[in-house]
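S.K.: Okay, here's the structure, questions in a sec.
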Amino acid sequence: MTREDTSIQVDLSDDLSFSNGFPHDVFSWLRIHEPVYWHEPTSVTPDGEGFWVVSRYEQVNEIIRNPVLFSSDKGGDRTGGGTAIKDEKTAGKLLNQTDGSQHKRLRALVQKGFTVTAINKLEGDLRVKAKHLFSQLKCGERVDFARALAPELPSHAICTVLGVPKSDRLDLCTWIDQGIEAESSSVIAVEYLKKVREYAKSLIAQKKENPEEDIFSKIIHAKFEEDGSSLSDYELGSFFALLFPAGAETTTRSISGGMLALLENPNQLEQLRGKPELMKTAIEEIVRWTTPSVYKRRTATTDTELGGKKIFMGQKVTLWEMSANRDEAMFSHPFHFDVTRDPNKHLGFGVGVHFCLGASLARLELKVFFEEFLKSNLRVELDQPVTWVPNNRLVGIKNMFVRITERTNS
Ligand code: HEM
């Protein structure tokens with residue numbers, strides 16, 4: 001690839017630029033030569049506007065920690081906002097697309113459901129599910145790990161958190177998958193999102209009448225301390241729809257990307273087999289390595305300066321956590337997958353006020369999945385090169401065919 005002067009030859013607003021996974025070479029170049037880079041709009045750039053691309057750890061960290069200057073809602077006199085390159089209609093309403101007191105208000109309420117005790121309670125059920133998953137695999141079998149195994153725990157966990165009855169899960173997950181696979185603004189995506197919204201509406205109505213033991217019921221019935229009111233039906237529906245891409249898709253992609261890293265680095269897998277106590281650092285390394293939620297966007301609320309570049313009020317600023325997590329200035333040998341890495345201050349779960357609400361659940365799912373995989377004594381190997389989902393927002397593996405080469409029962 002040639003990069004003349006300061007212009008890069010890859011369109012980061014085009015999902016197809018991610019067809020072979022994350023373009024690490026582009027970002028390695030950017031971190032060195034243009035850490036705060038102005039990306040001109042192209043024929044496919046949403047809203048037809050250019051945007052800043054921030055690639056170094058130090059500056060990504062600086063932006064996420066400064067929500068006053070870099071807004072998740074909207075910035076300056078702009079009407080659009082959100083956390084994707086494209087302005088989102090949900091900006092100012094959805095938890096991850098709000099700032100200041102509105103964000104604090106929403107976050108405080110949903111946090112009432114996501115308690116440590118509530119998350120820990122899910123462990124037993126997740127273990128049963130994982131054990132079952134691995135016990136069914138036979139020696140010699142060829143299986144698409146990314147489709148058949150990786151999504152199982154994350155979608156089960158989110159459905160359990162949201163109290164979705166088992167009988168509805170298959171339909172719901174199909175709508176979600178189809179919606180995510182379609183281009184976000186397409187008719188298909190809108191159709192599926194509508195179905196999910198309608199489903200959420202009826203579930204919320206049921207749970208209002210008959211609260212159950214799930215986390216979502218707790219959130220539906222939680223009250224704001226100031227005035228005793230609860231989240232509106234719109235806010236609850238938005239939260240419901242947010243948790244599938246934010247919680248299930250991300251964790252699925254970490255599981256398949258983590259497995260690929262272990263298969264490509266057999267010495268790391270063997271280390272983990274020999275010392276299961278390394279699981280804690282291994283999980284953080286998997287999240288750093290895979291960083292499924294690869295970039296966020298903020299909007300500058302005022303004219304400012306970053307890395308010597310003048311940023312104007314209202315401009316879109318994208319910060320690339322995947323690039324930050326491979327920054328040589330922060331991590332030693334960042335392109336080396338190391339299950340013992342410690343410290344590991346990755347930005348895979350974000351940082352600051354928007355720090356991932358589901359981080360402890362995601363860590364639990366990863367722990368259970370990989371612990372049960374090791375305990376199952378299965379040996380697997382890659383059967384063909386993986387394919388990637390062409391998406392710049394949630395980078396991840398589309399297909400990963402593996403073969404079960406050994407199944408010992410000890
Ligand atoms: C490996 C798995 C996961 C990764 C890599 C991940 C990553 C992230 C990141 C980077 C953010 C920050 C967003 C921002 O700064 O704008 C975030 C926020 C969020 N995550 Fe996760 N996440 C994961 C799993 C989950 C799970 C399992 C759930 C829910 C059960 C969840 C729910 C959320 C929510 C609701 C927010 C918004 C929080 C806020 O804006 O206050 N995530 N996540």
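Labeling convention for the structure tokens: chains A, B, ... as they appear, residues from 1 per chain, ligands from 1 in order of appearance.
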Give the helix (DSSP H, G or I) residues of region 32-148 of chain A, as assigned by DSSP on the backbone, as a PyMOL selection string.
M.R.: chain A and resi 32-33+46-48+57-64+95-97+100-111+116-120+123-135+145-148
S.K.: What residues of the protein or nucleic acid chains come within 7 Å of ligand 1 when you use only C-alpha atoms and all ligand atoms? Reply as a VMD selection string.
M.R.: chain A and resid 64 72 83 95 to 97 103 107 158 242 to 243 246 to 248 250 to 251 254 287 291 to 293 296 347 to 351 353 to 359 361 to 362
S.K.: With N, CA and C atoms retained, export the selected residues as a compact mmCIF listing (two decimals), in the first residue's frame.
M.R.:
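So out18.txt came out as:
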```txt
# COMPACT_ATOMS: atom_id res chain seq x y z
N ILE A 64 -11.55 10.04 25.77
CA ILE A 64 -12.64 9.33 26.46
C ILE A 64 -12.84 9.90 27.87
N SER A 72 -20.66 12.56 23.72
CA SER A 72 -21.26 11.34 23.14
C SER A 72 -22.67 11.66 22.65
N THR A 83 -22.28 7.80 18.87
CA THR A 83 -20.95 7.22 19.03
C THR A 83 -20.44 6.53 17.77
N LEU A 95 -28.37 5.26 26.49
CA LEU A 95 -27.37 5.37 27.56
C LEU A 95 -25.96 5.75 27.07
N ASN A 96 -25.48 5.05 26.04
CA ASN A 96 -24.09 5.30 25.60
C ASN A 96 -23.98 6.55 24.73
N GLN A 97 -25.12 7.19 24.44
CA GLN A 97 -25.09 8.39 23.60
C GLN A 97 -25.63 9.60 24.34
N HIS A 103 -26.87 11.27 31.32
CA HIS A 103 -26.18 9.98 31.37
C HIS A 103 -26.14 9.45 32.80
N ARG A 107 -27.62 5.91 33.90
CA ARG A 107 -26.62 4.93 34.34
C ARG A 107 -26.91 4.47 35.77
N ILE A 158 -27.36 -12.68 27.75
CA ILE A 158 -28.16 -11.45 27.57
C ILE A 158 -29.65 -11.77 27.71
N LEU A 242 -30.19 -2.01 22.90
CA LEU A 242 -28.76 -1.71 23.00
C LEU A 242 -27.95 -2.93 23.47
N LEU A 243 -28.56 -3.71 24.39
CA LEU A 243 -27.77 -4.79 25.01
C LEU A 243 -27.35 -5.90 24.05
N ALA A 246 -24.32 -4.34 22.04
CA ALA A 246 -23.30 -3.91 23.01
C ALA A 246 -22.78 -5.08 23.83
N GLY A 247 -23.67 -6.03 24.14
CA GLY A 247 -23.28 -7.10 25.06
C GLY A 247 -23.04 -8.44 24.41
N ALA A 248 -23.96 -8.87 23.52
CA ALA A 248 -23.82 -10.22 22.98
C ALA A 248 -22.83 -10.26 21.82
N THR A 250 -20.35 -8.20 21.03
CA THR A 250 -18.97 -7.93 21.46
C THR A 250 -18.35 -9.18 22.12
N THR A 251 -19.10 -9.79 23.03
CA THR A 251 -18.53 -10.93 23.76
C THR A 251 -18.33 -12.11 22.81
N SER A 254 -15.18 -11.57 21.00
CA SER A 254 -14.01 -11.79 21.85
C SER A 254 -13.74 -13.27 22.02
N VAL A 287 -9.30 -9.62 25.58
CA VAL A 287 -10.07 -8.40 25.30
C VAL A 287 -9.18 -7.35 24.62
N THR A 291 -10.35 -6.51 20.95
CA THR A 291 -11.05 -5.20 20.99
C THR A 291 -12.23 -5.15 20.00
N PRO A 292 -13.29 -5.90 20.30
CA PRO A 292 -14.35 -6.03 19.28
C PRO A 292 -15.04 -4.71 18.95
N SER A 293 -15.10 -3.80 19.93
CA SER A 293 -15.74 -2.51 19.67
C SER A 293 -14.59 -1.57 19.32
N LYS A 296 -14.83 4.51 18.72
CA LYS A 296 -16.00 5.30 19.16
C LYS A 296 -15.88 6.65 18.51
N LEU A 347 -7.89 -0.61 26.65
CA LEU A 347 -9.10 0.23 26.60
C LEU A 347 -10.27 -0.54 25.96
N GLY A 348 -10.17 -1.87 25.98
CA GLY A 348 -11.20 -2.70 25.34
C GLY A 348 -12.59 -2.47 25.88
N PHE A 349 -12.70 -2.15 27.17
CA PHE A 349 -14.01 -1.88 27.77
C PHE A 349 -14.25 -0.38 27.91
N GLY A 350 -13.43 0.43 27.25
CA GLY A 350 -13.56 1.88 27.41
C GLY A 350 -12.99 2.30 28.75
N VAL A 351 -13.28 3.54 29.15
CA VAL A 351 -12.78 4.06 30.41
C VAL A 351 -13.64 5.29 30.76
N VAL A 353 -16.68 7.67 32.39
CA VAL A 353 -18.10 7.56 32.74
C VAL A 353 -18.86 6.52 31.92
N HIS A 354 -18.41 6.28 30.70
CA HIS A 354 -19.12 5.30 29.86
C HIS A 354 -18.49 3.91 29.96
N PHE A 355 -17.60 3.70 30.94
CA PHE A 355 -16.95 2.39 31.06
C PHE A 355 -18.01 1.29 30.96
N CYS A 356 -17.68 0.25 30.23
CA CYS A 356 -18.64 -0.80 29.91
C CYS A 356 -19.46 -1.27 31.12
N LEU A 357 -20.75 -1.16 31.00
CA LEU A 357 -21.66 -1.57 32.07
C LEU A 357 -21.60 -3.08 32.28
N GLY A 358 -21.30 -3.81 31.21
CA GLY A 358 -21.34 -5.27 31.29
C GLY A 358 -19.97 -5.91 31.40
N ALA A 359 -18.94 -5.13 31.78
CA ALA A 359 -17.58 -5.69 31.80
C ALA A 359 -17.48 -6.92 32.71
N LEU A 361 -19.82 -9.00 33.51
CA LEU A 361 -20.52 -10.12 32.88
C LEU A 361 -19.69 -10.69 31.73
N ALA A 362 -19.12 -9.81 30.92
CA ALA A 362 -18.30 -10.28 29.79
C ALA A 362 -17.11 -11.10 30.31
```
S.K.: Just want the 8 Å neighbourhood of Ala261 (chain A), counted on only C-alpha atoms, with same-chain residues fewer than 4 positions away dropped. Output as a ChimeraX atom specification.
M.R.: /A:257,265,286,337
S.K.: Could you pull out all residues of region 101-327 of chain A with a DSSP call of strand (DSSP E) and give them as a tab-separated table (two decimals) with N, CA and C atoms, in the first residue's frame?
M.R.:
```
chain	number	residue	atom	x	y	z
A	142	ARG	N	-16.15	-31.45	12.21
A	142	ARG	CA	-15.74	-30.14	11.73
A	142	ARG	C	-16.87	-29.19	12.09
A	143	VAL	N	-16.52	-28.07	12.70
A	143	VAL	CA	-17.58	-27.17	13.18
A	143	VAL	C	-17.16	-25.72	12.97
A	144	ASP	N	-18.16	-24.88	12.65
A	144	ASP	CA	-17.87	-23.45	12.51
A	144	ASP	C	-17.92	-22.83	13.91
A	295	TYR	N	-13.83	1.26	17.52
A	295	TYR	CA	-13.68	2.71	17.60
A	295	TYR	C	-14.93	3.32	18.22
A	296	LYS	N	-14.83	4.51	18.72
A	296	LYS	CA	-16.00	5.30	19.16
A	296	LYS	C	-15.88	6.65	18.51
A	297	ARG	N	-16.97	7.34	18.47
A	297	ARG	CA	-16.93	8.70	17.94
A	297	ARG	C	-17.45	9.65	19.03
A	298	ARG	N	-16.84	10.80	19.11
A	298	ARG	CA	-17.33	11.87	19.96
A	298	ARG	C	-17.44	13.11	19.08
A	299	THR	N	-18.07	14.17	19.59
A	299	THR	CA	-18.14	15.42	18.82
A	299	THR	C	-17.53	16.53	19.67
A	300	ALA	N	-16.68	17.35	19.05
A	300	ALA	CA	-16.03	18.44	19.81
A	300	ALA	C	-17.07	19.49	20.18
A	304	THR	N	-10.75	23.35	19.88
A	304	THR	CA	-9.69	22.88	20.79
A	304	THR	C	-8.48	22.42	19.98
A	305	GLU	N	-7.47	21.93	20.69
A	305	GLU	CA	-6.28	21.45	20.00
A	305	GLU	C	-5.93	20.05	20.50
A	306	LEU	N	-5.51	19.20	19.62
A	306	LEU	CA	-5.13	17.84	20.02
A	306	LEU	C	-3.93	17.44	19.16
A	309	LYS	N	-3.03	19.61	16.34
A	309	LYS	CA	-4.02	19.87	15.29
A	309	LYS	C	-5.19	20.67	15.87
A	310	LYS	N	-5.71	21.58	15.07
A	310	LYS	CA	-6.82	22.40	15.53
A	310	LYS	C	-8.12	21.68	15.20
A	311	ILE	N	-8.88	21.41	16.24
A	311	ILE	CA	-10.17	20.73	16.05
A	311	ILE	C	-11.27	21.76	16.26
A	316	LYS	N	-16.50	15.82	14.03
A	316	LYS	CA	-16.54	14.44	14.53
A	316	LYS	C	-15.12	13.97	14.84
A	317	VAL	N	-14.96	13.35	16.01
A	317	VAL	CA	-13.64	12.84	16.39
A	317	VAL	C	-13.79	11.34	16.65
A	318	THR	N	-13.11	10.51	15.85
A	318	THR	CA	-13.19	9.07	16.12
A	318	THR	C	-11.94	8.64	16.86
A	319	LEU	N	-12.13	7.80	17.88
A	319	LEU	CA	-10.99	7.33	18.67
A	319	LEU	C	-10.96	5.82	18.55
A	320	TRP	N	-9.82	5.29	18.21
A	320	TRP	CA	-9.71	3.88	17.82
A	320	TRP	C	-9.04	3.08	18.94
```
S.K.: Please compute the CA of Trp388 (chain A)-CA of Thr290 (chain A) distance, one decimal, in Å.
M.R.: 12.5 Å
S.K.: Quick one: everything within 10 Å of Leu126 (chain A), counting only C-alpha atoms, minus sequence neighbours fewer than 2 positions away in the same chain. Send it as an MDAnalysis selection string.
M.R.: chainID A and resid 121:124 128:132 152:154 156:157 160 364:365 368:369
S.K.: Could you tell me how far CA of Val164 (chain A) sits from CA of Gly228 (chain A), in Å to one decimal place?
M.R.: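 Between these atoms lies a distance of 26.5 Å.
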S.K.: List the spatial neighbours of region 170-186 of chain A as an mmCIF file with C-alpha atoms, in the first residue's frame - criterion: any atom at most 7 Å away, only C-alpha atoms, same-chain residues fewer than 5 positions off excluded.
M.R.:
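Writing done, so here's result.cif:
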```
data_model
loop_
_atom_site.group_PDB
_atom_site.id
_atom_site.type_symbol
_atom_site.label_atom_id
_atom_site.label_comp_id
_atom_site.auth_asym_id
_atom_site.auth_seq_id
_atom_site.Cartn_x
_atom_site.Cartn_y
_atom_site.Cartn_z
ATOM 1 C CA TYR A 192 -35.640 -6.215 12.095
ATOM 2 C CA LEU A 193 -35.066 -3.409 14.544
ATOM 3 C CA VAL A 196 -37.089 -6.238 18.216
#
```
S.K.: Give the answer as one residue: which of A:Arg326, A:Arg288, A:Lys112, A:Lys375 has the shortest atom-to-atom distance to Lys223 (chain A), using only C-alpha atoms?
M.R.: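 Distance minimum relative to Lys223 (chain A) lands on A:Lys112.
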S.K.: Counting only C-alpha atoms, figure out which residue out of A:Ala205, A:Val10, A:Cys139, A:Val339 gets nearest to Thr281 (chain A).
M.R.: A:Val339
S.K.: Would you work out the distance separating CA of Ala108 (chain A) from CA of Lys93 (chain A), expressed in Å to one decimal?
M.R.: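 Between CA of Ala108 (chain A) and CA of Lys93 (chain A) the gap is 14.8 Å.
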